[in-house]
Each structure stands twice: as C-alpha cells, then as structure tokens.
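The data block below is coords21.cif; it holds mmCIF, C-alpha atoms and all ligand atoms.
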data_input
#
loop_
_atom_site.label_atom_id
_atom_site.label_comp_id
_atom_site.auth_asym_id
_atom_site.auth_seq_id
_atom_site.Cartn_x
_atom_site.Cartn_y
_atom_site.Cartn_z
CA MET A 1134 38.84 -14.66 52.84
CA LEU A 1135 36.78 -14.99 49.69
CA ASN A 1136 38.59 -18.23 49.15
CA ILE A 1137 36.63 -20.08 51.82
CA VAL A 1138 33.31 -18.89 50.39
CA ASN A 1139 34.31 -20.16 46.95
CA GLN A 1140 35.45 -23.40 48.51
CA ILE A 1141 32.12 -23.85 50.29
CA ILE A 1142 30.23 -23.18 47.08
CA LEU A 1143 32.41 -25.66 45.22
CA ALA A 1144 31.90 -28.32 47.90
CA PHE A 1145 28.11 -27.87 47.71
CA THR A 1146 28.16 -27.95 43.91
CA ASN A 1147 30.39 -31.03 43.65
CA ASN A 1148 28.54 -33.04 46.28
CA LYS A 1149 26.59 -35.87 44.73
CA SER A 1150 26.52 -38.31 47.61
CA LEU A 1151 23.25 -38.97 49.34
CA TYR A 1152 22.58 -37.90 52.88
CA ILE A 1153 23.02 -41.12 54.84
CA GLY A 1154 19.87 -43.19 54.63
CA GLU A 1155 17.81 -40.43 52.98
CA GLY A 1156 16.82 -39.83 49.38
CA LEU A 1157 18.51 -36.48 48.80
CA THR A 1158 22.05 -35.14 48.61
CA MET A 1159 23.86 -33.54 51.53
CA SER A 1160 23.81 -30.22 49.68
CA GLU A 1161 20.06 -30.37 49.12
CA HIS A 1162 19.57 -31.28 52.76
CA MET A 1163 21.64 -28.37 54.06
CA ILE A 1164 20.00 -25.86 51.70
CA GLN A 1165 16.57 -27.08 52.80
CA THR A 1166 17.66 -26.62 56.42
CA ALA A 1167 18.69 -23.03 55.71
CA MET A 1168 15.41 -22.37 53.89
CA LEU A 1169 13.44 -23.59 56.91
CA ALA A 1170 15.51 -21.29 59.11
CA GLU A 1171 14.62 -18.41 56.79
CA ASN A 1172 10.94 -19.31 56.70
CA ASN A 1173 10.92 -19.31 60.49
CA LYS A 1174 12.40 -15.82 60.55
CA SER A 1175 15.63 -16.94 62.19
CA SER A 1176 18.60 -14.61 62.65
CA SER A 1177 21.08 -14.44 59.78
CA ASP A 1178 23.59 -16.22 62.03
CA LEU A 1179 21.24 -19.16 62.51
CA ILE A 1180 20.49 -19.29 58.78
CA CYS A 1181 24.22 -19.53 58.21
CA SER A 1182 24.61 -22.26 60.87
CA SER A 1183 21.75 -24.18 59.27
CA LEU A 1184 23.31 -23.95 55.84
CA LEU A 1185 26.65 -25.25 57.10
CA HIS A 1186 25.56 -27.63 59.87
CA ASP A 1187 26.68 -30.86 58.14
CA TYR A 1188 29.71 -29.33 56.44
CA GLY A 1189 31.83 -31.82 58.39
CA HIS A 1190 30.67 -34.53 55.98
CA PHE A 1191 32.26 -32.57 53.12
CA VAL A 1192 35.48 -32.22 55.11
CA ILE A 1193 35.55 -35.96 55.75
CA GLU A 1194 34.88 -36.77 52.09
CA ASP A 1195 37.53 -34.43 50.73
CA PRO A 1196 41.09 -35.58 51.44
CA ASN A 1197 42.35 -32.13 50.47
CA GLN A 1198 40.65 -30.63 53.48
CA LEU A 1199 42.35 -31.10 56.79
CA VAL A 1200 40.83 -33.72 59.07
CA ASN A 1201 41.76 -34.07 62.71
CA ASP A 1202 42.18 -37.80 63.37
CA LYS A 1203 41.11 -37.57 66.98
CA ILE A 1204 37.62 -36.42 66.11
CA ASP A 1205 37.16 -38.57 63.03
CA GLY A 1206 33.54 -39.68 62.67
CA ASN A 1207 32.14 -36.76 64.67
CA HIS A 1208 30.94 -34.76 61.70
CA GLU A 1209 29.59 -31.94 63.90
CA ALA A 1210 32.98 -31.45 65.59
CA ILE A 1211 34.90 -31.80 62.34
CA GLY A 1212 32.69 -29.22 60.64
CA ALA A 1213 32.81 -26.80 63.57
CA ASN A 1214 36.55 -27.23 63.96
CA TYR A 1215 37.13 -26.54 60.31
CA LEU A 1216 34.77 -23.58 60.02
CA LYS A 1217 35.69 -21.80 63.25
CA ASN A 1218 38.62 -20.12 61.53
CA PHE A 1219 36.18 -18.28 59.28
CA PHE A 1220 32.92 -17.74 61.20
CA SER A 1221 31.93 -16.40 64.62
CA ASN A 1222 31.11 -18.55 67.62
CA GLU A 1223 27.43 -17.59 67.27
CA ILE A 1224 27.44 -19.52 63.99
CA ILE A 1225 29.80 -22.31 65.02
CA GLU A 1226 28.25 -23.36 68.33
CA PRO A 1227 24.87 -24.48 66.96
CA ILE A 1228 26.79 -26.53 64.36
CA LEU A 1229 28.89 -28.11 67.08
CA LEU A 1230 25.82 -28.81 69.24
CA HIS A 1231 23.34 -30.04 66.64
CA VAL A 1232 23.96 -33.71 67.46
CA ASP A 1233 23.70 -33.04 71.21
CA ALA A 1234 20.43 -31.25 70.47
CA LYS A 1235 19.05 -34.46 68.99
CA LYS A 1236 20.13 -36.42 72.08
CA TYR A 1237 18.45 -33.71 74.17
CA LEU A 1238 15.20 -33.62 72.19
CA ALA A 1239 14.96 -37.41 71.97
CA ARG A 1240 13.90 -37.47 75.62
CA ASP A 1241 10.53 -36.48 74.20
CA GLU A 1242 8.79 -39.60 72.95
CA LYS A 1243 6.95 -37.81 70.16
CA TYR A 1244 10.19 -36.31 68.84
CA PHE A 1245 11.91 -39.69 69.03
CA ASN A 1246 9.11 -41.48 67.18
CA ASN A 1247 9.20 -38.90 64.40
CA LEU A 1248 12.92 -39.41 63.72
CA SER A 1249 13.73 -41.10 60.42
CA GLU A 1250 15.07 -44.64 60.66
CA ALA A 1251 18.58 -43.48 59.72
CA SER A 1252 18.42 -40.80 62.39
CA LYS A 1253 17.35 -43.33 65.04
CA ILE A 1254 20.31 -45.53 64.17
CA SER A 1255 22.78 -42.64 64.29
CA LEU A 1256 21.32 -41.51 67.63
CA LYS A 1257 22.46 -44.81 69.11
CA LEU A 1258 25.93 -44.42 67.62
CA GLN A 1259 26.11 -40.88 68.99
CA GLY A 1260 25.57 -42.05 72.55
CA GLY A 1261 21.76 -42.21 72.78
CA ILE A 1262 19.28 -40.09 74.70
CA MET A 1263 20.74 -37.62 77.24
CA ASN A 1264 20.65 -38.32 80.95
CA ASN A 1265 19.86 -35.61 83.51
CA GLU A 1266 23.47 -34.68 84.05
CA GLU A 1267 24.07 -34.26 80.32
CA VAL A 1268 20.90 -32.18 80.07
CA LYS A 1269 22.17 -29.81 82.75
CA LYS A 1270 25.49 -29.39 80.98
CA PHE A 1271 23.83 -28.85 77.63
CA GLU A 1272 21.55 -26.15 78.98
CA GLN A 1273 24.58 -24.22 80.19
CA LYS A 1274 25.90 -23.73 76.65
CA ARG A 1275 25.40 -20.21 75.41
CA ASN A 1276 23.78 -21.10 72.09
CA TYR A 1277 21.97 -24.28 73.02
CA LYS A 1278 18.56 -22.83 72.13
CA ASN A 1279 19.72 -22.09 68.63
CA ALA A 1280 21.14 -25.61 68.40
CA ILE A 1281 17.67 -26.94 69.23
CA LYS A 1282 16.07 -24.72 66.59
CA LEU A 1283 18.63 -25.86 64.05
CA ARG A 1284 17.93 -29.48 64.95
CA ARG A 1285 14.22 -29.10 64.28
CA PHE A 1286 14.92 -27.56 60.87
CA ASP A 1287 17.39 -30.39 60.26
CA GLU A 1288 14.77 -33.07 60.90
CA ASP A 1289 12.31 -31.44 58.51
CA ALA A 1290 14.85 -30.85 55.75
CA LYS A 1291 14.67 -34.25 54.12
CA LYS A 1292 12.01 -33.65 51.48
CA GLN A 1293 12.48 -34.99 47.99
CA ASN A 1294 11.55 -33.30 44.74
CA ILE A 1295 10.75 -29.90 46.16
CA LYS A 1296 11.99 -26.68 44.62
CA ILE A 1297 15.03 -25.44 46.51
CA LYS A 1298 17.44 -22.56 46.31
CA LYS A 1299 20.94 -22.78 44.90
CA ILE A 1300 24.05 -22.46 47.03
CA GLU A 1301 24.89 -19.30 45.06
CA ASP A 1302 21.79 -17.71 46.56
CA TYR A 1303 23.61 -17.79 49.89
CA LYS A 1304 26.90 -16.38 48.64
CA GLU A 1305 26.27 -12.87 49.91
CA LEU A 1306 25.19 -14.16 53.33
CA LEU A 1307 28.34 -16.27 53.59
CA ILE A 1308 30.58 -13.36 52.57
CA SER A 1309 28.91 -11.10 55.13
CA LYS A 1310 29.59 -13.60 57.95
CA ILE A 1311 33.28 -14.19 57.35
CA ILE A 1312 35.31 -12.89 60.29
FE FE B 1401 21.55 -32.51 59.00
#
The structure given in the file should be rewritten as structure tokens.
Amino acid sequence: MLNIVNQIILAFTNNKSLYIGEGLTMSEHMIQTAMLAENNKSSSDLICSSLLHDYGHFVIEDPNQLVNDKIDGNHEAIGANYLKNFFSNEIIEPILLHVDAKKYLARDEKYFNNLSEASKISLKLQGGIMNNEEVKKFEQKRNYKNAIKLRRFDEDAKKQNIKIKKIEDYKELLISKII
C-alpha cells in the first residue's frame, strides 16, 4: 500500500523530461495543477486527481510499469487504468476525463484561443472539438464537472520559474487516499 505512494514520489523525483511543448517538467506541471486546485479550495479528492492527472506519461516512460498496448498513446486512460487499483473512482474519473474536458471546453472560442500551441496540436490528435452527441455523453459522466475544473487548472499550470511545492508535501494526502 505504501509502496505505490513511494513509487509515485520516486517517479515525480526522477522525472526530468519536459512537458510536451512547454518549458517545465511533467512533475512541475502536475504539482502546479495540484496547487491551483488547493488555491481554489477544491476537495481533497480533486487535489489528488490534479496532482496525478498526467501520471500516464510516467507509466509510458517507465518500462518497468505495466502498459496496456491497446490504449498506448492515451495518457489519460493509461494513467487512470494504472492508478485505479489504488485510488477511488472519485479521484480516477477526472483523470480519465481530463482530455475529454478539453474537447468539451474547446467549443468555447475564448478557451480555444487561450490554449497553448502544443495543446492545440494535441487537441487535433485527440479527436478535436466535441460534437453535440459527444457533449451529451460527456455530461452524463458522474464526475464530469470535476474533470472540467481539473482541466482549467491544467491549462494554467504551465508557469516557469515560480516557487512550487515538493512532491513530498503531498505524501500525507496520497497516503490518506489509498483504498
Ligand atoms: Fe496536464
């Protein structure tokens, strides 16, 4: 049980690769996302989702962690699939839906225009802006509102050279959320 928390901390600590197309590491990006969730007085579940939302990238990078071939490339599904053995659905679903949330929000022109260049490119690769049918389906998911909140933190969590917390600062939260 504690093993997974140590593994998460190790993955965050070892990560040196940059978040695709942005000037900060994946770890820094995810910690910033969690900090924004905290600053916005989110639930502890959503703070945890925010902290782990791109964990799929770590799973993909690390050959020692199990990757399901069928969902290769879908970092949100890989992360959710990996983490669901350890965390509740309240935490997992916003992780799983955070890419869909972008496709949902991108219907709004202002949101779309504010996306970073890298994020606009990945939006295309992820299937583009949602159509009405996809919107209806998305709004039926239990935690879709939290996925949207997470997504907004995600977009803002790309600042460089700001003071951020350490992954160890979230150790107690992670331990408390293990199922
Ligand atoms: Fe992200």
State, in Å with one decimal place, the distance from atom CA of A:Asp1302 to atom CA of A:Ser1177.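 Pair atom CA of A:Asp1302 / atom CA of A:Ser1177 returns 13.6 Å.
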Nearest-residue call for A:Cys1181, choices A:Ile1312, A:Ile1141, A:Ala1251, A:Leu1306, using only C-alpha atoms: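 Checking each candidate against A:Cys1181, we get A:Leu1306 as the closest.
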List all protein, DNA and RNA residues that have any atom at most 9 Å from ligand FE 1401 (chain B), counting only C-alpha atoms and all ligand atoms, and write the list as a ChimeraX atom specification. /A:1152,1159,1162-1163,1166,1183,1186-1187,1231-1232,1283-1284,1286-1288,1290-1291
Could you tell me which of A:Val1192, A:Ile1281, A:Ile1297, A:Leu1230 comes closest to A:Gln1140 if we count only C-alpha atoms? A:Val1192
Taking 5 positions as the minimum chain separation for residues in the same chain, which residues sit within 12 Å of A:Ser1160 when counting only C-alpha atoms? Answer as number ranges by chain. A: 1141-1152, 1165-1167, 1183-1191, 1290-1291, 1297-1301
Long-range neighbours of A:Lys1253 as a PyMOL selection string, 12 Å cut-off, all atoms listed in the file, 3 positions minimum in chain: chain A and resi 1153-1154+1232+1235-1236+1239+1244-1250+1256-1262+1288
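Taking all atoms listed in the file into account, A:Ser1221 lies nearest to A:Asp1178 out of the set A:Asp1178, A:Ile1193, A:Asn1136, A:Glu1209.
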What's around stretch 1276-1279 of chain A at 10 Å? Count all atoms listed in the file, leave out sequence neighbours fewer than 2 positions away in its own chain, and write the answer as JSON, numbers by chain. {"A": [1175, 1176, 1178, 1179, 1182, 1183, 1222, 1223, 1224, 1225, 1226, 1227, 1228, 1229, 1230, 1231, 1233, 1234, 1271, 1272, 1273, 1274, 1281, 1282, 1283, 1284, 1285]}
Just C-alpha atoms for this one: save the residues we selected as a tab-separated table (two decimals), keeping the file's coordinate frame.
chain	number	residue	atom	x	y	z
A	1175	SER	CA	15.63	-16.94	62.19
A	1176	SER	CA	18.60	-14.61	62.65
A	1178	ASP	CA	23.59	-16.22	62.03
A	1179	LEU	CA	21.24	-19.16	62.51
A	1182	SER	CA	24.61	-22.26	60.87
A	1183	SER	CA	21.75	-24.18	59.27
A	1222	ASN	CA	31.11	-18.55	67.62
A	1223	GLU	CA	27.43	-17.59	67.27
A	1224	ILE	CA	27.44	-19.52	63.99
A	1225	ILE	CA	29.80	-22.31	65.02
A	1226	GLU	CA	28.25	-23.36	68.33
A	1227	PRO	CA	24.87	-24.48	66.96
A	1228	ILE	CA	26.79	-26.53	64.36
A	1229	LEU	CA	28.89	-28.11	67.08
A	1230	LEU	CA	25.82	-28.81	69.24
A	1231	HIS	CA	23.34	-30.04	66.64
A	1233	ASP	CA	23.70	-33.04	71.21
A	1234	ALA	CA	20.43	-31.25	70.47
A	1271	PHE	CA	23.83	-28.85	77.63
A	1272	GLU	CA	21.55	-26.15	78.98
A	1273	GLN	CA	24.58	-24.22	80.19
A	1274	LYS	CA	25.90	-23.73	76.65
A	1281	ILE	CA	17.67	-26.94	69.23
A	1282	LYS	CA	16.07	-24.72	66.59
A	1283	LEU	CA	18.63	-25.86	64.05
A	1284	ARG	CA	17.93	-29.48	64.95
A	1285	ARG	CA	14.22	-29.10	64.28
Using Å and a single decimal, report how far atom CA of A:Leu1216 sits from atom CA of A:Asn1173.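 Rounded to one decimal, the two atoms are 24.2 Å apart.
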Find the residue from A:Ala1210, A:Lys1292, A:Ile1164, A:Glu1194 that sits nearest to A:Ile1180; use all atoms listed in the file when measuring.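 Smallest separation from A:Ile1180 among the options: A:Ile1164.
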Distance of atom CA of A:Lys1217 from atom CA of A:Val1138, expressed in Å to one decimal place: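 Straight-line distance from atom CA of A:Val1138 to atom CA of A:Lys1217 works out to 13.4 Å.
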